[in-house]
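Structure file structure.txt (compact mmCIF, C-alpha atoms) follows.
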# COMPACT_ATOMS: atom_id res chain seq x y z
CA MET S 1 29.90 73.10 -34.08
CA PHE S 2 32.90 70.82 -34.17
CA ALA S 3 31.89 68.77 -31.11
CA PRO S 4 29.98 65.98 -32.90
CA THR S 5 32.82 65.44 -35.37
CA ILE S 6 35.48 65.35 -32.69
CA VAL S 7 33.43 63.06 -30.44
CA SER S 8 32.89 60.68 -33.35
CA LEU S 9 36.60 60.76 -34.10
CA LEU S 10 37.33 60.16 -30.45
CA LEU S 11 35.11 57.10 -30.33
CA LEU S 12 36.47 55.70 -33.57
CA SER S 13 40.06 56.21 -32.50
CA ALA S 14 39.47 54.70 -29.07
CA SER S 15 37.81 51.72 -30.73
CA ALA S 16 40.86 51.24 -32.92
CA ALA S 17 43.20 51.59 -29.97
CA VAL S 18 41.54 48.96 -27.82
CA THR S 19 42.21 46.29 -30.45
CA ALA S 20 46.01 46.49 -30.19
CA SER S 21 47.56 43.13 -29.27
CA PRO S 22 51.38 43.30 -29.36
CA CYS S 23 53.82 40.50 -28.65
CA VAL S 24 57.56 40.06 -28.10
CA ALA S 25 60.01 37.46 -29.45
CA PHE S 26 63.69 37.02 -30.30
CA ASP S 27 65.62 36.26 -33.46
CA VAL S 28 68.44 33.69 -33.49
CA ASN S 29 71.01 36.38 -32.70
CA TRP S 30 68.98 37.17 -29.55
CA ASN S 31 67.83 40.59 -30.68
CA LEU S 32 64.63 41.40 -28.81
CA LEU S 33 61.76 42.04 -31.23
CA ALA S 34 58.56 43.82 -30.22
CA PHE S 35 55.68 43.61 -32.68
CA GLY S 36 52.68 45.91 -32.70
CA LEU S 37 54.01 48.12 -29.91
CA ASP S 38 52.74 51.68 -30.40
CA GLY S 39 51.51 50.56 -33.81
CA LYS S 40 54.96 49.62 -35.09
CA ASP S 41 57.52 46.82 -34.91
CA TRP S 42 60.87 47.30 -33.17
CA SER S 43 64.24 45.67 -32.61
CA ALA S 44 65.74 46.50 -29.21
CA GLY S 45 69.04 44.76 -29.97
CA THR S 46 70.74 42.31 -27.63
CA GLN S 47 70.56 42.25 -23.84
CA ASP S 48 73.82 44.17 -23.35
CA THR S 49 72.14 47.29 -24.83
CA TRP S 50 68.83 47.21 -22.97
CA SER S 51 69.91 49.33 -20.01
CA ALA S 52 71.54 52.04 -22.13
CA SER S 53 70.01 55.21 -23.47
CA GLY S 54 68.95 55.26 -27.08
CA GLN S 55 65.99 54.09 -29.07
CA ALA S 56 64.98 50.79 -30.59
CA THR S 57 65.20 50.36 -34.37
CA ASP S 58 61.95 50.61 -36.32
CA ILE S 59 61.61 47.37 -38.34
CA THR S 60 58.02 47.91 -39.48
CA ALA S 61 57.65 46.44 -42.97
CA ASN S 62 54.98 45.83 -45.60
CA GLY S 63 52.83 42.74 -45.31
CA ARG S 64 52.81 42.69 -41.52
CA PRO S 65 49.63 41.75 -39.65
CA SER S 66 47.73 44.55 -37.96
CA PHE S 67 48.35 43.06 -34.49
CA ASP S 68 44.73 43.60 -33.54
CA GLY S 69 43.80 39.97 -32.94
CA THR S 70 42.09 38.92 -29.75
CA ASN S 71 45.11 36.90 -28.57
CA THR S 72 48.15 37.46 -30.73
CA THR S 73 50.97 34.98 -30.07
CA CYS S 74 54.52 34.72 -31.42
CA TYR S 75 56.97 31.81 -31.69
CA LEU S 76 60.63 31.65 -32.73
CA SER S 77 61.61 28.96 -35.23
CA GLN S 78 65.30 28.64 -34.36
CA TYR S 79 66.19 26.57 -37.43
CA THR S 80 64.79 29.14 -39.88
CA ASN S 81 65.28 32.40 -37.93
CA ALA S 82 61.60 33.14 -38.45
CA VAL S 83 58.85 34.29 -36.11
CA TYR S 84 55.42 32.72 -36.55
CA VAL S 85 52.46 34.88 -35.51
CA LEU S 86 49.06 33.40 -34.71
CA ASN S 87 45.93 35.54 -34.36
CA GLY S 88 47.88 38.51 -35.66
CA ASP S 89 45.05 40.06 -37.66
CA SER S 90 41.40 40.21 -36.66
CA LYS S 91 40.34 40.15 -40.31
CA ASN S 92 42.35 37.02 -41.04
CA PRO S 93 42.57 35.01 -37.80
CA SER S 94 43.19 31.63 -39.44
CA SER S 95 46.43 32.60 -41.21
CA VAL S 96 49.96 32.33 -39.83
CA TYR S 97 52.02 35.45 -40.46
CA ILE S 98 55.72 34.73 -40.92
CA TYR S 99 58.44 37.27 -40.15
CA ASP S 100 61.75 36.35 -41.80
CA ALA S 101 64.16 37.89 -39.31
CA THR S 102 67.07 37.60 -41.74
CA ALA S 103 65.36 39.33 -44.67
CA LYS S 104 63.21 41.49 -42.33
CA SER S 105 60.16 40.72 -44.43
CA TRP S 106 56.62 39.43 -43.88
CA SER S 107 54.50 36.84 -45.66
CA THR S 108 51.10 35.28 -44.98
CA GLN S 109 50.66 31.51 -44.85
CA ALA S 110 47.19 30.14 -45.59
CA VAL S 111 45.94 27.63 -43.03
CA THR S 112 43.15 25.04 -43.11
CA LEU S 113 41.51 25.15 -39.69
CA GLY S 114 39.38 22.01 -39.66
CA SER S 115 37.87 21.82 -36.16
CA PHE S 116 40.60 23.96 -34.57
CA ASP S 117 39.25 27.00 -32.69
CA THR S 118 41.51 30.05 -33.05
CA THR S 119 39.73 31.76 -30.16
CA SER S 120 40.49 29.13 -27.52
CA PHE S 121 43.87 27.42 -27.25
CA ASP S 122 47.32 27.33 -25.71
CA ALA S 123 50.31 26.31 -27.83
CA ILE S 124 54.04 25.68 -28.11
CA LEU S 125 56.38 25.41 -31.11
CA ASP S 126 58.49 22.26 -30.94
CA HIS S 127 62.17 22.95 -31.53
CA ASP S 128 63.18 19.88 -33.55
CA THR S 129 60.08 19.18 -35.63
CA ASN S 130 59.03 22.81 -36.15
CA VAL S 131 55.47 21.72 -35.42
CA ILE S 132 53.07 23.84 -33.38
CA TYR S 133 51.15 21.83 -30.79
CA ALA S 134 48.01 23.34 -29.32
CA LEU S 135 45.38 22.24 -26.83
CA SER S 136 41.90 23.46 -27.67
CA HIS S 137 38.58 22.28 -26.21
CA GLY S 138 40.22 19.17 -24.83
CA SER S 139 41.88 18.07 -28.07
CA LEU S 140 45.56 18.20 -28.94
CA PHE S 141 46.17 19.69 -32.40
CA SER S 142 49.32 20.02 -34.51
CA LEU S 143 50.32 22.42 -37.28
CA ASP S 144 53.40 21.38 -39.26
CA MET S 145 55.35 24.46 -40.36
CA GLY S 146 58.03 22.44 -42.18
CA LEU S 147 61.02 24.74 -42.53
CA LEU S 148 59.01 27.73 -43.65
CA LYS S 149 60.64 31.12 -43.34
CA ALA S 150 58.29 32.53 -45.97
CA ALA S 151 54.79 31.48 -46.93
CA ASN S 152 54.15 29.12 -49.80
CA SER S 153 51.06 28.63 -51.95
CA THR S 154 50.03 25.35 -50.33
CA PRO S 155 47.94 25.76 -47.17
CA VAL S 156 49.13 24.04 -44.02
CA ALA S 157 46.49 22.32 -41.91
CA TRP S 158 45.65 21.93 -38.25
CA VAL S 159 45.45 18.21 -37.47
CA ASP S 160 43.43 16.82 -34.57
CA VAL S 161 46.03 14.51 -33.01
CA GLU S 162 44.06 13.04 -30.12
CA GLN S 163 41.83 13.78 -27.18
CA ALA S 164 43.81 14.97 -24.15
CA PRO S 165 43.23 13.15 -20.83
CA TYR S 166 41.98 16.28 -19.10
CA PRO S 167 38.55 17.32 -17.87
CA SER S 168 36.47 19.83 -19.77
CA GLY S 169 37.13 23.36 -18.65
CA TYR S 170 40.86 22.84 -18.11
CA GLN S 171 42.64 26.04 -19.12
CA PRO S 172 46.04 24.80 -20.31
CA VAL S 173 49.42 26.11 -19.25
CA MET S 174 51.91 24.61 -21.71
CA ALA S 175 55.70 24.63 -21.80
CA LEU S 176 58.31 22.94 -23.99
CA ALA S 177 61.52 21.20 -22.89
CA GLN S 178 63.42 18.24 -24.37
CA ASN S 179 60.78 17.76 -27.08
CA HIS S 180 58.22 17.14 -24.37
CA VAL S 181 55.13 19.28 -23.82
CA HIS S 182 54.61 20.00 -20.14
CA PHE S 183 51.09 20.75 -18.88
CA LEU S 184 50.86 22.69 -15.61
CA ASN S 185 47.89 23.31 -13.33
CA VAL S 186 46.23 20.08 -14.44
CA PRO S 187 43.34 19.18 -12.10
CA GLY S 188 44.40 16.46 -9.69
CA VAL S 189 48.14 16.92 -10.33
CA PRO S 190 49.96 18.12 -7.19
CA ALA S 191 51.86 21.39 -6.94
CA GLY S 192 55.39 21.17 -8.27
CA SER S 193 54.51 18.54 -10.88
CA ALA S 194 53.61 18.53 -14.57
CA ASP S 195 51.89 16.18 -16.96
CA ILE S 196 53.97 15.35 -20.05
CA PHE S 197 53.23 14.66 -23.73
CA VAL S 198 56.15 13.01 -25.52
CA ILE S 199 56.16 14.55 -28.99
CA HIS S 200 58.22 11.98 -30.89
CA TYR S 201 56.05 9.11 -29.67
CA SER S 202 52.76 11.06 -29.58
CA TYR S 203 52.24 9.75 -26.07
CA PHE S 204 50.81 11.16 -22.85
CA GLN S 205 52.83 9.83 -19.91
CA PRO S 206 50.49 8.16 -17.41
CA GLN S 207 52.14 9.72 -14.35
CA PRO S 208 53.11 13.35 -13.69
CA GLN S 209 56.73 14.35 -13.17
CA ALA S 210 57.78 16.18 -10.00
CA TYR S 211 60.19 19.14 -10.11
CA PRO S 212 60.86 20.05 -6.44
CA LEU S 213 62.59 23.14 -5.10
CA PRO S 214 65.85 22.58 -3.15
CA SER S 215 63.95 23.44 0.02
CA GLY S 216 61.48 20.68 -0.64
CA GLY S 217 58.80 23.18 -1.63
CA ALA S 218 56.98 23.31 -4.93
CA PHE S 219 55.75 25.77 -7.51
CA PRO S 220 52.01 26.34 -7.05
CA ALA S 221 49.27 24.46 -8.86
CA THR S 222 47.71 27.58 -10.36
CA TYR S 223 47.11 29.27 -13.67
CA GLY S 224 49.89 31.38 -15.14
CA GLN S 225 52.24 31.79 -18.08
CA ALA S 226 55.15 29.62 -19.21
CA THR S 227 57.97 30.11 -21.70
CA SER S 228 61.10 28.11 -22.58
CA PHE S 229 64.73 29.20 -22.33
CA PHE S 230 66.56 28.55 -25.59
CA GLN S 231 69.93 26.85 -26.04
CA ALA S 232 72.53 27.99 -28.57
CA SER S 233 71.27 25.42 -31.06
CA ASP S 234 69.92 22.40 -29.16
CA VAL S 235 66.53 21.63 -27.66
CA GLN S 236 65.33 23.61 -24.68
CA GLN S 237 66.06 22.12 -21.27
CA GLU S 238 64.39 24.67 -19.00
CA PHE S 239 61.21 26.69 -18.89
CA ALA S 240 59.95 29.51 -16.71
CA PHE S 241 56.55 29.44 -15.03
CA ILE S 242 55.08 32.72 -13.78
CA PRO S 243 51.89 32.40 -11.72
CA GLN S 244 49.18 34.87 -12.58
CA ASP S 245 49.75 36.80 -9.34
CA SER S 246 53.40 37.45 -10.43
CA SER S 247 54.58 36.40 -6.98
CA ALA S 248 57.68 34.62 -8.29
CA VAL S 249 59.38 33.11 -11.31
CA TYR S 250 59.93 29.36 -11.22
CA VAL S 251 62.54 27.89 -13.58
CA ILE S 252 62.03 24.18 -14.14
CA ASN S 253 65.01 22.10 -15.37
CA VAL S 254 63.91 18.82 -16.97
CA GLU S 255 67.44 17.39 -17.00
CA THR S 256 67.85 17.57 -13.22
CA ASN S 257 64.10 17.47 -12.42
CA THR S 258 64.51 20.51 -10.15
CA THR S 259 63.09 24.02 -9.82
CA GLN S 260 64.69 27.39 -9.02
CA GLN S 261 62.62 30.18 -7.50
CA LEU S 262 63.55 33.66 -8.75
CA THR S 263 62.29 37.19 -8.15
CA GLY S 264 58.80 37.86 -9.43
CA PRO S 265 58.20 40.64 -11.95
CA THR S 266 58.19 44.22 -10.72
CA VAL S 267 55.05 44.85 -12.75
CA LYS S 268 52.38 42.67 -11.14
CA ASP S 269 50.13 42.09 -14.12
CA PRO S 270 47.88 39.05 -14.61
CA LYS S 271 47.60 39.95 -18.30
CA ALA S 272 51.37 40.11 -18.94
CA THR S 273 53.01 37.83 -21.50
CA TYR S 274 56.53 36.42 -21.53
CA PHE S 275 59.28 35.26 -23.88
CA ALA S 276 62.76 33.95 -23.06
CA SER S 277 66.10 33.85 -24.87
CA MET S 278 69.19 31.97 -23.67
CA ASN S 279 69.99 34.46 -20.93
CA SER S 280 66.94 36.57 -20.20
CA LEU S 281 63.24 36.40 -19.42
CA VAL S 282 61.20 39.24 -20.94
CA GLN S 283 57.82 40.48 -19.74
CA LEU S 284 55.41 42.51 -21.89
CA SER S 285 52.86 44.06 -19.56
CA SER S 286 49.38 45.11 -20.57
CA ASN S 287 50.27 48.82 -20.49
CA GLY S 288 53.18 48.32 -22.90
CA THR S 289 56.04 48.17 -20.39
CA VAL S 290 58.76 45.73 -21.50
CA SER S 291 61.00 44.43 -18.69
CA PHE S 292 63.64 41.74 -18.40
CA LEU S 293 65.24 39.47 -15.84
CA PRO S 294 68.82 38.33 -16.60
CA TYR S 295 69.36 34.59 -16.32
CA GLN S 296 72.32 32.19 -16.33
CA GLU S 297 71.57 28.51 -16.69
CA GLY S 298 72.99 26.53 -13.79
CA ASN S 299 74.18 29.57 -11.81
CA THR S 300 71.70 29.57 -8.96
CA SER S 301 73.57 32.08 -6.80
CA VAL S 302 73.72 34.71 -9.55
CA ASN S 303 70.11 34.09 -10.56
CA ALA S 304 68.94 34.54 -6.97
CA ALA S 305 70.50 38.01 -6.81
CA VAL S 306 69.27 39.56 -10.08
CA SER S 307 66.33 41.91 -10.43
CA TRP S 308 63.96 43.08 -13.15
CA SER S 309 64.80 46.12 -15.29
CA ILE S 310 63.07 48.13 -18.01
CA VAL S 311 64.17 47.59 -21.63
CA GLN S 312 65.14 51.22 -22.11
CA PRO S 313 65.36 51.35 -25.94
CA LEU S 314 61.73 50.17 -26.20
CA ALA S 315 60.57 52.54 -23.48
CA ALA S 316 62.11 55.41 -25.46
CA ALA S 317 60.69 54.30 -28.80
CA ALA S 318 57.21 53.29 -27.60
CA PRO S 319 56.54 54.75 -24.14
CA PRO S 320 54.06 52.73 -22.07
CA THR S 321 50.77 54.24 -21.03
CA THR S 322 50.34 55.62 -17.53
CA GLY S 323 47.49 53.26 -16.65
CA THR S 324 48.07 50.91 -13.74
CA VAL S 325 47.86 47.16 -13.80
CA SER S 326 46.37 44.85 -11.22
CA ALA S 327 48.26 42.40 -9.04
CA VAL S 328 45.20 40.22 -8.66
CA GLY S 329 43.80 38.11 -11.46
CA THR S 330 41.55 35.12 -11.98
CA GLN S 331 41.93 32.13 -14.21
CA PRO S 332 40.27 32.76 -17.57
CA SER S 333 37.07 30.99 -18.39
CA SER S 334 37.75 31.07 -22.13
CA GLY S 335 40.14 32.36 -24.73
CA SER S 336 43.67 31.56 -25.77
CA SER S 337 47.02 31.81 -24.10
CA SER S 338 50.12 30.75 -25.92
CA THR S 339 53.45 29.99 -24.42
CA GLY S 340 55.74 32.99 -24.23
CA THR S 341 53.37 35.56 -25.63
CA SER S 342 49.74 35.87 -24.72
CA SER S 343 47.06 35.31 -22.10
CA LYS S 344 43.44 36.06 -21.50
CA SER S 345 41.89 36.71 -18.13
CA SER S 346 38.52 37.63 -16.73
CA SER S 347 40.01 40.07 -14.23
CA GLY S 348 39.51 43.79 -14.56
CA ALA S 349 43.16 44.69 -15.12
CA LEU S 350 44.38 46.50 -18.19
CA THR S 351 44.99 44.22 -21.15
CA GLY S 352 47.38 44.46 -24.06
CA SER S 353 44.43 45.74 -26.06
CA THR S 354 44.23 48.92 -23.96
CA ILE S 355 47.84 50.00 -24.38
CA HIS S 356 47.22 53.18 -26.31
CA VAL S 357 43.78 54.29 -25.14
CA GLY S 358 45.18 56.86 -22.74
CA LEU S 359 47.36 58.45 -25.39
CA VAL S 360 44.53 58.53 -27.92
CA LEU S 361 42.09 60.07 -25.47
CA THR S 362 44.58 62.67 -24.34
CA THR S 363 45.42 63.72 -27.88
CA LEU S 364 41.85 63.90 -29.10
CA LEU S 365 40.52 65.66 -26.03
CA GLY S 366 43.24 68.23 -26.51
CA ALA S 367 42.15 68.68 -30.11
CA MET S 368 38.53 69.07 -29.03
CA ALA S 369 39.46 71.74 -26.52
CA TYR S 370 41.42 73.61 -29.17
CA LEU S 371 38.67 73.51 -31.78
CA LEU S 372 35.94 74.42 -29.34

Please lay out the structure from this file as structure tokens.
Amino acid sequence: MFAPTIVSLLLLSASAAVTASPCVAFDVNWNLLAFGLDGKDWSAGTQDTWSASGQATDITANGRPSFDGTNTTCYLSQYTNAVYVLNGDSKNPSSVYIYDATAKSWSTQAVTLGSFDTTSFDAILDHDTNVIYALSHGSLFSLDMGLLKAANSTPVAWVDVEQAPYPSGYQPVMALAQNHVHFLNVPGVPAGSADIFVIHYSYFQPQPQAYPLPSGGAFPATYGQATSFFQASDVQQEFAFIPQDSSAVYVINVETNTTQQLTGPTVKDPKATYFASMNSLVQLSSNGTVSFLPYQEGNTSVNAAVSWSIVQPLAAAAPPTTGTVSAVGTQPSSGSSSTGTSSKSSSGALTGSTIHVGLVLTTLLGAMAYLL
């Protein structure tokens, strides 16, 4: 007699679970923040604590987004110690949610979209101007966040800056370094090179820039994820590129115009997202596993020897599901992917949205068995 009720509850709960879309970021003290993981927000502390036993600190607060957007993305504003969240709430996809990492509080900034499509873009947050630049449907857009660390009553607006010189269907891979936006996997641009948009002059450079490996090789011309390594206070000088097959990590230095090749993630997940601090690269896989790769700028011998490890405090606080992830993925045909945090793929691997389905199903099936 209880079966219909339990089955209905099962379906409703599974439906809620599949909408989860967490992301990771850092604050300016390089505490690792995980938002929407197991339905809560967490601080895992600094890198020196990630391999120790213990549990992350619950920082869930009122006013937070539900982290059920289709492609939730997070960005650190280093000047304000705030995290900006796009697509954080499926019921309010146009707004930017702002987490003040100093006050540990949330606010919601109203946004005027214009022609900007929140369902299809890639984006970076420029360090010096605190402006978000996004490529959507072939147009470059900007969203000026001023020095906001809390929302104000005046909406901010997406501005259509100009048409990008790329063919329709290009799925952008964007990275920030030296106030330049780097576009990878541009059709016609050779492996190991990137197209560049100069932010302060609002100018697309006519020729790509090459970033060769010491061996003379090159990072592949393929879809993937990119995220920038921060400096203590200055503009970023390096960014990491992780191809969708997770075969390696390529760190591009725009000061020396060179590339380092590092160990690829242990979790081979085409749906994984990434965020970097000054001295670590963090992966959030689609089953909720959070891993990190230590990094030292300029120390190629140390970087070549390091390996990926689990962020133990997050694993204890929000255990990942037991579902497997795929090592093979395809370039997405649509959707958004924002630097450091989110991607969308047409492959059949687990996504961030499926993180808690296994736990929900297990719990509810157990309840059904008990009641029946």

Extract, using only C-alpha atoms, all DNA, RNA and protein residues at most 12 Å from Tyr75 of chain S, discarding same-chain residues fewer than 3 positions from it, and format them as a compact mmCIF listing (two decimals) with C-alpha atoms, keeping the file's coordinate frame.
# COMPACT_ATOMS: atom_id res chain seq x y z
CA CYS S 23 53.82 40.50 -28.65
CA VAL S 24 57.56 40.06 -28.10
CA ALA S 25 60.01 37.46 -29.45
CA PHE S 26 63.69 37.02 -30.30
CA ASP S 27 65.62 36.26 -33.46
CA VAL S 28 68.44 33.69 -33.49
CA LEU S 33 61.76 42.04 -31.23
CA PHE S 35 55.68 43.61 -32.68
CA THR S 72 48.15 37.46 -30.73
CA GLN S 78 65.30 28.64 -34.36
CA THR S 80 64.79 29.14 -39.88
CA ASN S 81 65.28 32.40 -37.93
CA ALA S 82 61.60 33.14 -38.45
CA VAL S 83 58.85 34.29 -36.11
CA TYR S 84 55.42 32.72 -36.55
CA VAL S 85 52.46 34.88 -35.51
CA LEU S 86 49.06 33.40 -34.71
CA ASN S 87 45.93 35.54 -34.36
CA GLY S 88 47.88 38.51 -35.66
CA VAL S 96 49.96 32.33 -39.83
CA TYR S 97 52.02 35.45 -40.46
CA ILE S 98 55.72 34.73 -40.92
CA TYR S 99 58.44 37.27 -40.15
CA ALA S 123 50.31 26.31 -27.83
CA ILE S 124 54.04 25.68 -28.11
CA LEU S 125 56.38 25.41 -31.11
CA ASP S 126 58.49 22.26 -30.94
CA HIS S 127 62.17 22.95 -31.53
CA ASN S 130 59.03 22.81 -36.15
CA VAL S 131 55.47 21.72 -35.42
CA ILE S 132 53.07 23.84 -33.38
CA TYR S 133 51.15 21.83 -30.79
CA MET S 145 55.35 24.46 -40.36
CA LEU S 176 58.31 22.94 -23.99
CA THR S 227 57.97 30.11 -21.70
CA SER S 228 61.10 28.11 -22.58
CA PHE S 230 66.56 28.55 -25.59
CA TYR S 274 56.53 36.42 -21.53
CA PHE S 275 59.28 35.26 -23.88
CA ALA S 276 62.76 33.95 -23.06
CA SER S 277 66.10 33.85 -24.87
CA SER S 338 50.12 30.75 -25.92
CA THR S 339 53.45 29.99 -24.42
CA GLY S 340 55.74 32.99 -24.23
CA THR S 341 53.37 35.56 -25.63
CA SER S 342 49.74 35.87 -24.72

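Atom CA of Val282 of chain S is found 9.6 Å from atom CA of Ser309 of chain S.
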
Ranking S:Phe229, S:Phe204, S:Phe141, S:Tyr211 by minimum distance to Val161 of chain S and counting all atoms listed in the file, which one comes first?
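Nearest to Val161 of chain S: S:Phe141.
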
Hey, which of S:Met278, S:Val111, S:Gln163, S:Pro220 ends up closest to Pro190 of chain S? Count only C-alpha atoms.
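Closest candidate: S:Pro220.
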
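Shortest atom-to-atom contact with Ala315 of chain S among S:Thr289, S:Ser193, S:Asn299, S:Thr258: S:Thr289, counting all atoms listed in the file.
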
Who sits within 8 Å of segment 182-186 of chain S, only C-alpha atoms, same chain under 2 positions skipped, as number ranges by chain
S: 166, 170, 172-177, 180, 188-189, 191, 193-197, 221-223

Take the residues from that selection and write them out as a compact mmCIF listing (two decimals), keeping the file's coordinate frame, keeping C-alpha atoms.
# COMPACT_ATOMS: atom_id res chain seq x y z
CA TYR S 166 41.98 16.28 -19.10
CA TYR S 170 40.86 22.84 -18.11
CA PRO S 172 46.04 24.80 -20.31
CA VAL S 173 49.42 26.11 -19.25
CA MET S 174 51.91 24.61 -21.71
CA ALA S 175 55.70 24.63 -21.80
CA LEU S 176 58.31 22.94 -23.99
CA ALA S 177 61.52 21.20 -22.89
CA HIS S 180 58.22 17.14 -24.37
CA GLY S 188 44.40 16.46 -9.69
CA VAL S 189 48.14 16.92 -10.33
CA ALA S 191 51.86 21.39 -6.94
CA SER S 193 54.51 18.54 -10.88
CA ALA S 194 53.61 18.53 -14.57
CA ASP S 195 51.89 16.18 -16.96
CA ILE S 196 53.97 15.35 -20.05
CA PHE S 197 53.23 14.66 -23.73
CA ALA S 221 49.27 24.46 -8.86
CA THR S 222 47.71 27.58 -10.36
CA TYR S 223 47.11 29.27 -13.67

At what distance in Å, to one decimal, does atom CA of Gln225 of chain S lie from atom CA of Gln209 of chain S?
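We find that atom CA of Gln209 of chain S and atom CA of Gln225 of chain S lie 18.7 Å from each other.
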
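From atom CA of Ile252 of chain S back to atom CA of Leu147 of chain S, the distance works out to 28.4 Å.
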
Nearest to Val302 of chain S among S:Ala110, S:Leu143, S:Leu148, S:Leu262, with distances taken over only C-alpha atoms: which residue is it?
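Using only C-alpha atoms, the shortest distance to Val302 of chain S belongs to S:Leu262.
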
Please tell me which residues are no farther than 12 Å from (62.5, 42.3, -9.1) in the file, counting only C-alpha atoms, and write them as a ChimeraX atom specification.
/S:246-249,262-268,281,283,291-294,303-310

Tell me which of S:Ser115, S:Ser77, S:Asn31, S:Ser66 sits closest to Asn92 of chain S, counting all atoms listed in the file.
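Result for the nearest residue to Asn92 of chain S: S:Ser66.
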
Given all atoms listed in the file as the basis, pick out the residue of S:Thr108, S:Gln171, S:Ser233, S:Gln260 nearest to Phe219 of chain S.
S:Gln260

Set the distance at 6 Å and use only C-alpha atoms: which residues neighbour segment 47-62 of chain S once local chain neighbours fewer than 6 positions away are removed? I'd like the list as JSON, numbers by chain.
{"S": [40, 41, 311, 312, 313, 314, 316, 317]}
